[in-house]
file data_30.cif (mmCIF, C-alpha atoms)
data_protein
loop_
_atom_site.label_atom_id
_atom_site.label_comp_id
_atom_site.auth_asym_id
_atom_site.auth_seq_id
_atom_site.Cartn_x
_atom_site.Cartn_y
_atom_site.Cartn_z
CA MET A 12 3.59 -10.50 -48.64
CA ASN A 13 0.05 -11.06 -49.98
CA LEU A 14 -3.03 -10.15 -47.94
CA LEU A 15 -3.81 -13.73 -46.93
CA ALA A 16 -0.28 -14.28 -45.64
CA PHE A 17 -0.41 -11.00 -43.74
CA VAL A 18 -3.69 -11.96 -42.06
CA PHE A 19 -2.23 -15.36 -41.11
CA VAL A 20 0.88 -13.82 -39.53
CA PHE A 21 -1.14 -11.13 -37.75
CA CYS A 22 -3.61 -13.62 -36.30
CA GLY A 23 -0.72 -15.83 -35.26
CA SER A 24 0.86 -12.99 -33.33
CA LEU A 25 -2.47 -12.32 -31.58
CA LYS A 26 -2.68 -15.92 -30.47
CA ALA A 27 0.94 -16.05 -29.40
CA GLN A 28 0.33 -14.16 -26.19
CA ASN A 29 -2.25 -16.76 -25.02
CA GLU A 30 -3.92 -14.21 -22.71
CA PRO A 31 -3.12 -15.86 -19.32
CA ILE A 32 -5.74 -15.42 -16.59
CA LYS A 33 -4.74 -18.18 -14.17
CA PRO A 34 -3.51 -16.82 -10.80
CA GLY A 35 0.26 -16.95 -10.36
CA ALA A 36 3.33 -15.95 -12.35
CA HIS A 37 3.48 -16.01 -16.14
CA LYS A 38 6.94 -15.34 -17.62
CA ASN A 39 7.86 -14.05 -21.06
CA VAL A 40 4.33 -13.81 -22.41
CA VAL A 41 4.56 -12.80 -26.08
CA CYS A 42 3.02 -9.42 -26.94
CA ILE A 43 0.53 -9.10 -29.79
CA ASP A 44 3.24 -7.56 -31.98
CA GLY A 45 5.13 -10.86 -31.79
CA GLU A 46 8.37 -9.00 -30.99
CA ARG A 47 8.20 -8.13 -27.31
CA THR A 48 7.32 -9.93 -24.08
CA PHE A 49 6.03 -9.15 -20.61
CA ASN A 50 5.92 -10.94 -17.27
CA LEU A 51 2.56 -11.09 -15.48
CA PHE A 52 1.59 -11.94 -11.90
CA ILE A 53 -2.11 -12.47 -11.18
CA PRO A 54 -3.32 -12.60 -7.53
CA LYS A 55 -5.73 -15.31 -6.40
CA ALA A 56 -8.45 -12.70 -5.88
CA TYR A 57 -8.66 -12.32 -9.67
CA LYS A 58 -10.46 -15.65 -9.73
CA THR A 59 -12.51 -15.23 -6.54
CA LYS A 60 -13.66 -11.67 -7.32
CA PRO A 61 -14.93 -11.83 -10.92
CA ASP A 62 -16.53 -8.37 -10.78
CA LYS A 63 -13.51 -6.50 -9.42
CA GLN A 64 -11.34 -4.16 -11.49
CA PHE A 65 -7.75 -4.70 -10.28
CA PRO A 66 -5.05 -2.11 -9.57
CA VAL A 67 -1.83 -2.60 -11.52
CA LEU A 68 1.90 -2.08 -10.94
CA TYR A 69 4.07 -1.79 -14.08
CA ILE A 70 7.77 -2.55 -13.50
CA SER A 71 10.64 -1.38 -15.75
CA SER A 72 14.42 -1.69 -15.53
CA PRO A 73 17.40 -0.17 -17.40
CA SER A 74 18.52 -3.60 -18.63
CA GLY A 75 15.17 -4.67 -20.09
CA ASN A 76 14.65 -7.63 -17.75
CA PRO A 77 12.70 -6.44 -14.70
CA LYS A 78 11.65 -9.03 -12.16
CA PHE A 79 8.65 -9.00 -9.84
CA LEU A 80 10.98 -7.51 -7.16
CA LYS A 81 9.75 -10.14 -4.66
CA LEU A 82 6.42 -8.29 -4.56
CA GLU A 83 4.27 -11.36 -5.21
CA LYS A 84 3.18 -11.67 -1.56
CA TRP A 85 2.41 -7.96 -1.42
CA ALA A 86 0.44 -8.25 -4.66
CA GLU A 87 -1.61 -11.08 -3.16
CA GLU A 88 -2.38 -9.05 -0.05
CA ARG A 89 -3.14 -5.80 -1.87
CA GLU A 90 -4.78 -7.60 -4.82
CA PHE A 91 -2.54 -6.08 -7.50
CA LEU A 92 -1.64 -7.25 -10.97
CA LEU A 93 2.13 -7.05 -11.55
CA ILE A 94 3.24 -6.42 -15.14
CA CYS A 95 6.93 -6.31 -16.11
CA ILE A 96 7.66 -4.37 -19.31
CA ASN A 97 10.51 -6.62 -20.40
CA ASN A 98 11.78 -4.69 -23.41
CA SER A 99 11.89 -1.21 -21.88
CA LYS A 100 15.58 -0.34 -21.45
CA ASN A 101 17.95 2.51 -20.74
CA GLY A 102 16.97 3.99 -24.08
CA PRO A 103 16.37 4.98 -26.76
CA TRP A 104 13.02 6.46 -25.76
CA GLU A 105 11.22 5.39 -28.92
CA ASN A 106 11.93 1.74 -28.03
CA ASN A 107 10.54 2.26 -24.53
CA ARG A 108 7.43 4.00 -25.81
CA ARG A 109 6.72 1.12 -28.18
CA ALA A 110 7.39 -1.45 -25.46
CA GLN A 111 4.97 0.28 -23.09
CA ASP A 112 2.23 0.57 -25.71
CA SER A 113 2.72 -3.01 -26.85
CA VAL A 114 2.33 -4.27 -23.28
CA LEU A 115 -0.74 -2.09 -22.76
CA GLN A 116 -2.37 -3.51 -25.89
CA SER A 117 -1.38 -7.06 -24.94
CA THR A 118 -2.87 -6.81 -21.43
CA ALA A 119 -6.03 -4.93 -22.40
CA TYR A 120 -8.05 -8.14 -21.87
CA LEU A 121 -7.29 -8.08 -18.12
CA ARG A 122 -9.73 -6.50 -15.66
CA LYS A 123 -7.49 -3.55 -14.89
CA HIS A 124 -8.76 -0.60 -12.90
CA HIS A 125 -9.22 2.38 -15.19
CA CYS A 126 -7.24 4.83 -13.03
CA LEU A 127 -5.59 3.00 -10.11
CA GLN A 128 -2.42 1.89 -11.86
CA LEU A 129 1.14 2.57 -10.66
CA ALA A 130 4.58 2.38 -12.28
CA THR A 131 8.03 1.83 -10.84
CA GLY A 132 11.54 1.41 -12.10
CA PHE A 133 15.21 1.72 -11.25
CA SER A 134 17.49 4.32 -12.90
CA GLY A 135 16.59 4.35 -16.62
CA GLY A 136 13.55 2.24 -15.75
CA ALA A 137 12.42 5.01 -13.39
CA SER A 138 12.85 7.57 -16.16
CA ALA A 139 10.74 5.43 -18.49
CA SER A 140 8.11 5.09 -15.74
CA THR A 141 7.76 8.86 -15.28
CA LYS A 142 7.30 9.35 -19.03
CA PHE A 143 4.78 6.49 -19.02
CA ALA A 144 2.84 8.31 -16.29
CA GLN A 145 3.02 11.59 -18.18
CA ARG A 146 1.67 9.97 -21.35
CA TYR A 147 -1.27 8.30 -19.55
CA PRO A 148 -2.25 10.73 -16.75
CA LYS A 149 -5.81 9.40 -16.39
CA MET A 150 -4.68 5.78 -16.14
CA LEU A 151 -1.51 5.98 -14.01
CA ALA A 152 -2.02 7.27 -10.47
CA GLY A 153 1.58 7.31 -9.25
CA VAL A 154 5.25 6.54 -9.80
CA LEU A 155 7.94 5.14 -7.50
CA LEU A 156 11.45 6.10 -8.63
CA HIS A 157 14.45 4.09 -7.46
CA SER A 158 17.77 5.94 -7.86
CA HIS A 159 16.54 8.59 -10.26
CA SER A 160 15.63 12.27 -10.22
CA GLY A 161 12.95 12.38 -12.92
CA THR A 162 9.91 14.61 -12.44
CA ASP A 163 8.03 14.04 -15.72
CA CYS A 164 4.73 13.25 -14.02
CA ALA A 165 1.25 14.74 -14.35
CA PRO A 166 -0.74 16.82 -11.83
CA GLY A 167 -2.73 14.74 -9.36
CA GLN A 168 -0.36 11.78 -9.45
CA SER A 169 1.62 10.50 -6.47
CA VAL A 170 5.41 10.61 -6.73
CA THR A 171 7.77 8.73 -4.42
CA PHE A 172 11.54 8.35 -4.35
CA ILE A 173 13.94 5.81 -2.84
CA TYR A 174 17.53 6.92 -3.31
CA GLY A 175 21.05 6.30 -2.05
CA ALA A 176 23.25 8.74 -0.15
CA LYS A 177 26.29 7.20 -1.90
CA ASP A 178 24.83 7.13 -5.43
CA LYS A 179 27.46 8.38 -7.90
CA ILE A 180 25.20 8.16 -10.99
CA HIS A 181 22.10 9.96 -9.76
CA SER A 182 23.44 11.84 -6.76
CA ALA A 183 21.45 12.35 -3.58
CA GLY A 184 21.58 16.08 -4.30
CA SER A 185 19.94 15.72 -7.72
CA VAL A 186 17.19 13.53 -6.28
CA GLU A 187 16.60 15.97 -3.42
CA ASN A 188 16.28 18.82 -5.93
CA ALA A 189 13.66 16.75 -7.76
CA ILE A 190 11.84 16.13 -4.46
CA LYS A 191 11.78 19.88 -3.75
CA LYS A 192 10.45 20.55 -7.25
CA CYS A 193 7.67 17.97 -6.80
CA GLY A 194 6.84 19.53 -3.43
CA ARG A 195 6.56 23.01 -4.94
CA GLU A 196 4.31 21.67 -7.69
CA GLY A 197 1.95 20.08 -5.18
CA PHE A 198 2.39 16.38 -5.87
CA HIS A 199 1.32 13.82 -3.29
CA LEU A 200 4.88 13.04 -2.24
CA ASP A 201 7.08 10.80 -0.10
CA PHE A 202 10.74 9.71 -0.15
CA LYS A 203 13.30 7.56 1.64
CA LYS A 204 17.06 8.11 1.69
CA LEU A 205 19.18 4.98 2.16
CA ASN A 206 22.85 4.65 3.03
CA THR A 207 23.50 2.89 -0.30
CA GLY A 208 24.72 3.51 -3.83
CA HIS A 209 22.96 3.21 -7.19
CA GLY A 210 20.37 0.42 -7.13
CA TRP A 211 16.89 -0.79 -6.30
CA GLY A 212 15.55 0.10 -2.87
CA GLY A 213 14.79 -2.56 -0.28
CA LEU A 214 11.61 -4.64 -0.31
CA GLU A 215 10.05 -3.14 2.84
CA ASP A 216 10.65 0.45 1.74
CA THR A 217 9.29 -0.38 -1.71
CA LYS A 218 6.10 -1.85 -0.25
CA ALA A 219 5.69 1.14 2.08
CA MET A 220 5.93 3.61 -0.82
CA LEU A 221 3.51 1.63 -2.97
CA ASP A 222 1.04 1.42 -0.06
CA PHE A 223 1.44 5.17 0.54
CA MET A 224 0.47 5.95 -3.05
CA TYR A 225 -2.30 3.38 -3.43
CA ASP A 226 -4.01 4.09 -0.10
CA PHE A 227 -4.22 7.76 -1.05
CA GLN A 228 -5.17 7.35 -4.68
CA ARG A 229 -7.84 4.69 -4.16
CA PHE A 230 -10.03 7.30 -2.44
CA ASN A 231 -8.63 10.62 -3.69
CA ASN A 232 -7.80 10.08 -7.34
CA ARG A 233 -9.39 12.82 -9.43
CA ASN A 234 -10.50 10.29 -12.06
CA LEU A 235 -12.54 8.21 -9.60
CA THR A 236 -16.30 8.61 -9.56
CA LYS A 237 -18.47 8.31 -6.45
CA ALA A 238 -19.71 5.05 -7.88
CA ASP A 239 -16.11 3.76 -8.19
CA ILE A 240 -15.47 4.44 -4.51
CA ALA A 241 -18.82 3.03 -3.38
CA ASN A 242 -18.25 -0.13 -5.44
CA ASP A 243 -14.76 -0.49 -3.96
CA ILE A 244 -16.07 -0.24 -0.40
CA GLU A 245 -19.05 -2.53 -0.99
CA SER A 246 -16.88 -5.16 -2.66
CA GLU A 247 -14.25 -5.00 0.09
CA LEU A 248 -16.85 -5.13 2.85
CA GLU A 249 -18.58 -8.15 1.33
CA PHE A 250 -15.28 -9.98 0.91
CA LEU A 251 -13.87 -9.18 4.37
CA SER A 252 -17.07 -9.91 6.30
CA ALA A 253 -17.29 -13.36 4.67
CA ASN A 254 -14.08 -14.59 6.36
CA ASP A 255 -14.89 -17.54 8.65
CA ASP A 256 -12.00 -16.86 11.04
CA LEU A 257 -13.39 -14.33 13.53
CA MET A 258 -10.02 -12.89 14.58
CA VAL A 259 -8.82 -12.54 10.98
CA ARG A 260 -12.13 -11.00 9.92
CA GLU A 261 -12.04 -8.40 12.71
CA SER A 262 -8.40 -7.55 12.05
CA LYS A 263 -8.84 -7.09 8.29
CA LEU A 264 -12.03 -5.07 8.74
CA PHE A 265 -10.19 -2.85 11.23
CA ASP A 266 -7.27 -2.29 8.84
CA TYR A 267 -9.66 -1.35 6.07
CA LEU A 268 -11.61 0.93 8.39
CA GLN A 269 -8.41 2.77 9.25
CA SER A 270 -7.83 3.40 5.55
CA LEU A 271 -11.31 4.90 5.26
CA SER A 272 -10.91 7.01 8.40
CA LYS A 273 -7.92 8.80 6.82
CA VAL A 274 -10.23 10.31 4.22
CA PRO A 275 -12.53 12.87 5.94
CA LYS A 276 -15.02 12.99 3.07
CA LEU A 277 -15.57 9.22 3.39
CA ALA A 278 -15.33 8.68 7.14
CA ARG A 279 -18.91 9.79 7.89
CA THR A 280 -20.66 8.54 4.77
CA PRO A 281 -23.42 5.88 5.07
CA ILE A 282 -21.33 3.28 3.27
CA ALA A 283 -18.36 3.84 5.62
CA ASN A 284 -20.76 3.50 8.55
CA GLN A 285 -21.66 0.05 7.20
CA VAL A 286 -18.00 -0.92 7.56
CA VAL A 287 -17.94 0.47 11.11
CA THR A 288 -21.03 -1.49 12.08
CA THR A 289 -19.81 -4.72 10.50
CA TRP A 290 -16.46 -4.36 12.27
CA SER A 291 -18.13 -3.63 15.63
CA GLU A 292 -20.22 -6.79 15.32
CA SER A 293 -17.07 -8.89 14.92
CA TYR A 294 -15.39 -7.01 17.77
CA ALA A 295 -18.39 -7.56 20.05
CA GLU A 296 -18.32 -11.27 19.28
CA ILE A 297 -14.67 -11.42 20.39
CA LEU A 298 -15.52 -9.59 23.62
CA GLN A 299 -18.33 -12.02 24.36
CA GLU A 300 -16.02 -15.00 23.91
CA HIS A 301 -13.60 -13.65 26.54
CA GLN A 302 -16.05 -11.89 28.86
CA GLN A 303 -15.18 -14.10 31.83
CA SER A 304 -11.55 -12.98 31.89
CA PRO A 305 -11.11 -9.17 31.59
CA VAL A 306 -7.32 -9.32 31.31
CA GLU A 307 -7.47 -11.97 28.59
CA ALA A 308 -10.20 -10.00 26.83
CA TYR A 309 -8.06 -6.85 26.87
CA ALA A 310 -5.06 -8.70 25.44
CA VAL A 311 -7.14 -10.28 22.68
CA MET A 312 -9.23 -7.27 21.69
CA ASN A 313 -6.31 -4.81 21.15
CA TYR A 314 -8.24 -2.02 22.84
CA GLY A 315 -5.22 0.30 22.84
CA THR A 316 -5.10 0.50 19.05
CA ARG A 317 -8.85 0.28 18.49
CA ARG A 318 -10.24 2.82 20.95
CA SER A 319 -10.26 5.64 18.38
CA VAL A 320 -12.33 3.55 15.98
CA ILE A 321 -14.69 2.49 18.78
CA GLY A 322 -15.73 6.15 18.93
CA LEU A 323 -17.09 5.89 15.39
CA VAL A 324 -19.64 3.21 16.33
CA LYS A 325 -23.20 4.55 16.54
CA GLY A 326 -26.73 3.46 17.45
CA SER A 327 -27.55 0.02 18.82
CA ALA A 328 -24.06 -1.26 17.91
CA GLN A 329 -22.56 1.43 20.16
CA LYS A 330 -24.85 0.49 23.05
CA LYS A 331 -23.94 -3.19 22.76
CA LEU A 332 -20.22 -2.44 22.58
CA LYS A 333 -20.41 -0.15 25.61
CA GLU A 334 -22.16 -2.84 27.68
CA LEU A 335 -19.45 -5.35 26.82
CA LEU A 336 -16.53 -2.97 27.37
CA GLU A 337 -17.53 -1.49 30.73
CA PRO A 338 -16.82 -4.52 32.98
CA ILE A 339 -13.54 -5.17 31.19
CA LEU A 340 -12.23 -1.60 31.44
CA GLU A 341 -13.26 -1.36 35.10
CA ASP A 342 -10.92 -4.23 36.01
CA GLU A 343 -7.91 -2.80 37.92
CA THR A 344 -5.30 -4.62 35.87
CA VAL A 345 -6.95 -3.65 32.61
CA ALA A 346 -7.29 -0.01 33.76
CA ASN A 347 -3.53 0.00 34.35
CA GLU A 348 -2.93 -1.43 30.88
CA VAL A 349 -5.06 1.34 29.36
CA LYS A 350 -3.13 4.06 31.23
CA ALA A 351 0.16 2.51 30.07
CA GLN A 352 -1.05 2.41 26.47
CA LEU A 353 -2.13 6.05 26.58
CA ALA A 354 1.28 7.01 27.96
CA PHE A 355 3.03 4.99 25.25
CA ASP A 356 1.00 6.68 22.52
CA ARG A 357 1.99 10.12 23.80
CA VAL A 358 5.69 9.26 23.68
CA ALA A 359 5.33 7.55 20.30
CA LYS A 360 3.89 10.78 18.85
CA LYS A 361 6.97 12.67 20.06
CA GLU A 362 9.22 10.01 18.56
CA ALA A 363 7.46 10.40 15.20
CA LYS A 364 8.36 14.11 15.19
CA LEU A 365 12.10 13.63 15.83
CA THR A 366 14.26 15.72 13.50
CA GLY A 367 17.55 13.89 14.02
CA ARG A 368 18.90 15.90 16.95
CA GLU A 369 20.61 13.66 19.50
CA SER A 370 19.23 15.60 22.46
CA GLN A 371 15.67 14.98 21.25
CA ARG A 372 16.32 11.28 20.76
CA LYS A 373 17.73 10.94 24.28
CA ALA A 374 14.71 12.75 25.72
CA VAL A 375 12.29 10.35 24.03
CA VAL A 376 14.28 7.30 25.16
CA LYS A 377 14.19 8.65 28.72
CA GLN A 378 10.39 9.03 28.53
CA TYR A 379 10.04 5.44 27.34
CA GLN A 380 12.22 4.33 30.26
CA ARG A 381 10.01 6.22 32.72
CA LEU A 382 6.97 4.47 31.26
CA ILE A 383 8.63 1.09 31.80
CA GLU A 384 9.36 1.97 35.43
CA LYS A 385 5.83 3.28 36.10
CA TYR A 386 3.92 0.52 34.29
CA PRO A 387 6.00 -2.68 34.57
CA ASP A 388 4.71 -5.94 33.11
CA THR A 389 2.27 -4.34 30.68
CA ILE A 390 1.83 -4.68 26.94
CA ALA A 391 2.93 -1.05 26.58
CA THR A 392 6.16 -1.89 28.46
CA GLU A 393 7.04 -4.48 25.82
CA GLN A 394 6.30 -1.95 23.08
CA ALA A 395 8.47 0.69 24.78
CA GLU A 396 11.39 -1.73 25.13
CA LEU A 397 11.21 -2.52 21.41
CA ARG A 398 11.12 1.19 20.51
CA ILE A 399 14.18 1.90 22.70
CA ALA A 400 16.10 -0.98 21.10
CA LYS A 401 15.27 0.30 17.62
CA MET A 402 16.22 3.89 18.45
CA GLU A 403 19.54 2.87 19.95
CA ASN A 404 20.33 0.39 17.17
CA PRO A 405 18.69 1.83 14.03
#

call {"tool": "encode", "arguments": {"input": "data_30.cif", "output": "structure tokens"}}
result
Amino acid sequence: MNLLAFVFVFCGSLKAQNEPIKPGAHKNVVCIDGERTFNLFIPKAYKTKPDKQFPVLYISSPSGNPKFLKLEKWAEEREFLLICINNSKNGPWENNRRAQDSVLQSTAYLRKHHCLQLATGFSGGASASTKFAQRYPKMLAGVLLHSHSGTDCAPGQSVTFIYGAKDKIHSAGSVENAIKKCGREGFHLDFKKLNTGHGWGGLEDTKAMLDFMYDFQRFNNRNLTKADIANDIESELEFLSANDDLMVRESKLFDYLQSLSKVPKLARTPIANQVVTTWSESYAEILQEHQQSPVEAYAVMNYGTRRSVIGLVKGSAQKKLKELLEPILEDETVANEVKAQLAFDRVAKKEAKLTGRESQRKAVVKQYQRLIEKYPDTIATEQAELRIAKMENP
């Protein structure tokens, strides 16, 4: 092939991928090598937040045809790019390495976060994902393994496992040995054992593991700078506080505030205090709208779940919130609701510490039943009834 022909073919392969940036799903996008493809899902926020660097989830499978795993809605909510490495298979490794690098080169144009990227896969796809993470330790923050016992990750990364008790290919025992090894080596770790065989884990467990890794890494990743974290918070605060729906705005600000409060080094920083103040302003507005009906105000404002965050509010915002809360919390019916919620939280903490012993489970159920008898017709009663039903029919 002469030089001119080579340049023509090479340029053609570069154009073949078409570099999609429109939000939504893009299937079988051709890589720049002209041989491989990838699937890409872009959240709507990619268009509305032009300055944001987006976290990424790479998905691999043993058969070379990973799907989005029904994670599109999750990706919209968490503002993730989903990238399926279509040609990564159950081996050989050299093929998988080339497929990974080809997809990386072909998606380099996207606004991907420099270190908040995750990988997941099932069986051989999980193995490929751990090696991917090992090869790019500063870029990949964590790996979720479905039905595999690989531990080829790098220090500082999160590692999570979803595995089946009946798996005859990668046994539960082999996965549990890998979990112990990761624990000894100090990885940020979580796992879920299912009563299944060899296969992908369920959607809800998958989302929970991805959230577990991302919510930790987005504030604790060793490759983040202070500026990265500050920019993340400022961008999120600006976006959330712009929501026109008061209830949605307050709820989303509260969820984000809870994420910040889990990181001690961030919880008391000036920028985190901005989030607290902005949230308290929305919360105060809700209280004012329902000030004439204390019981209605209590039901709307979710005081039971928000009281710990209320304690973070300072200065004039604290004074205003206190003035609005006092008449509501002094109402007899509301006071009873608060007592019931406190009692529910105490039992819920005990439930969270259950080790599987039947006697312990029965004791917790009995405490929920006592709560229902003592505080009938409360919000906490409804919560306790749901917890009992779930414990008795897991």

call {"tool": "closest_residue", "arguments": {"input": "data_30.cif", "among": "A:Gln394, A:Ser160, A:Ser327, A:Asn97", "to": "A:Glu46", "atoms": "only C-alpha atoms"}}
result
A:Asn97

call {"tool": "closest_residue", "arguments": {"input": "data_30.cif", "among": "A:Tyr294, A:Ile339, A:Asn284, A:Val274", "to": "A:Ala308", "atoms": "all atoms listed in the file"}}
result
A:Ile339

call {"tool": "atom_distance", "arguments": {"input": "data_30.cif", "atom1": "atom CA of A:Gln111", "atom2": "atom CA of A:Asp216"}}
result
25.5 Å

call {"tool": "atom_distance", "arguments": {"input": "data_30.cif", "atom1": "atom CA of A:Val375", "atom2": "atom CA of A:Ala176"}}
result
26.6 Å

call {"tool": "resolve_selection", "arguments": {"input": "data_30.cif", "expression": "the PyMOL selection byres ((chain A and resi 200) around 8)", "output": "PyMOL selection string"}}
result
chain A and resi 169-171+190+193-194+198-199+201-202

call {"tool": "resolve_selection", "arguments": {"input": "data_30.cif", "expression": "the PyMOL selection byres ((chain A and resi 34-36) around 8)", "output": "ChimeraX atom specification"}}
result
/A:32-33,37-38,50-55,57-58

call {"tool": "residues_near_point", "arguments": {"input": "data_30.cif", "point": "(19.2, -3.1, -10.7)", "cutoff": "10 Å", "atoms": "all atoms listed in the file", "output": "ChimeraX atom specification"}}
result
/A:72-74,76-78,80,132-136,157-158,209-212

call {"tool": "closest_residue", "arguments": {"input": "data_30.cif", "among": "A:Thr236, A:Gln269, A:Gln228, A:Thr131", "to": "A:Leu93", "atoms": "all atoms listed in the file"}}
result
A:Thr131

call {"tool": "resolve_selection", "arguments": {"input": "data_30.cif", "expression": "the PyMOL selection byres ((chain A and resi 267) around 10)", "output": "list in words"}}
result
Asp226, Ile244, Glu247, Leu248, Leu251, Glu261, Ser262, Lys263, Leu264, Phe265, Asp266, Leu268, Gln269, Ser270, Leu271, Ser272, Val286, Val287 and Trp290 of chain A

call {"tool": "residues_around", "arguments": {"input": "data_30.cif", "residues": "A:Asp62", "least_positions_apart": "5", "cutoff": "12 Å", "atoms": "only C-alpha atoms", "output": "list in words"}}
result
Ala56, Tyr57, Leu121, Arg122, Lys123, His124, Asn242, Asp243, Glu245, Ser246, Glu247 and Phe250 of chain A

call {"tool": "residues_around", "arguments": {"input": "data_30.cif", "residues": "stretch 367-374 of chain A", "least_positions_apart": "6", "cutoff": "12 Å", "atoms": "only C-alpha atoms", "output": "ChimeraX atom specification"}}
result
/A:358-359,361,380-381,398-399,401-403,405

call {"tool": "decode", "arguments": {"input": "data_30.cif", "residues": "stretch 29-42 of chain A", "atoms": "N, CA and C atoms", "output": "JSON list (two decimals), in the first residue's frame"}}
result
[["chain", "number", "residue", "atom", "x", "y", "z"],
["A", 29, "ASN", "N", -17.42, 8.59, 14.11],
["A", 29, "ASN", "CA", -18.42, 9.66, 14.09],
["A", 29, "ASN", "C", -18.55, 10.41, 15.41],
["A", 30, "GLU", "N", -17.78, 10.05, 16.42],
["A", 30, "GLU", "CA", -17.72, 10.76, 17.69],
["A", 30, "GLU", "C", -19.08, 11.26, 18.18],
["A", 31, "PRO", "N", -20.00, 10.36, 18.56],
["A", 31, "PRO", "CA", -21.33, 10.79, 19.02],
["A", 31, "PRO", "C", -21.27, 11.56, 20.33],
["A", 32, "ILE", "N", -22.02, 12.67, 20.41],
["A", 32, "ILE", "CA", -22.11, 13.44, 21.65],
["A", 32, "ILE", "C", -23.57, 13.73, 22.02],
["A", 33, "LYS", "N", -24.51, 13.28, 21.21],
["A", 33, "LYS", "CA", -25.92, 13.50, 21.50],
["A", 33, "LYS", "C", -26.35, 12.60, 22.65],
["A", 34, "PRO", "N", -27.08, 13.12, 23.66],
["A", 34, "PRO", "CA", -27.54, 12.28, 24.76],
["A", 34, "PRO", "C", -28.37, 11.10, 24.25],
["A", 35, "GLY", "N", -28.24, 9.97, 24.93],
["A", 35, "GLY", "CA", -28.97, 8.76, 24.55],
["A", 35, "GLY", "C", -28.02, 7.63, 24.22],
["A", 36, "ALA", "N", -28.56, 6.55, 23.66],
["A", 36, "ALA", "CA", -27.79, 5.35, 23.37],
["A", 36, "ALA", "C", -27.26, 5.36, 21.94],
["A", 37, "HIS", "N", -26.01, 4.97, 21.80],
["A", 37, "HIS", "CA", -25.36, 4.85, 20.49],
["A", 37, "HIS", "C", -24.77, 3.44, 20.42],
["A", 38, "LYS", "N", -25.26, 2.62, 19.50],
["A", 38, "LYS", "CA", -24.87, 1.21, 19.43],
["A", 38, "LYS", "C", -23.84, 0.98, 18.32],
["A", 39, "ASN", "N", -22.92, 0.09, 18.60],
["A", 39, "ASN", "CA", -21.93, -0.37, 17.61],
["A", 39, "ASN", "C", -21.19, 0.78, 16.92],
["A", 40, "VAL", "N", -20.71, 1.71, 17.73],
["A", 40, "VAL", "CA", -19.90, 2.80, 17.19],
["A", 40, "VAL", "C", -18.54, 2.22, 16.80],
["A", 41, "VAL", "N", -18.08, 2.51, 15.60],
["A", 41, "VAL", "CA", -16.82, 1.94, 15.11],
["A", 41, "VAL", "C", -15.63, 2.63, 15.75],
["A", 42, "CYS", "N", -14.69, 1.83, 16.27],
["A", 42, "CYS", "CA", -13.48, 2.37, 16.88],
["A", 42, "CYS", "C", -12.57, 2.97, 15.81]]
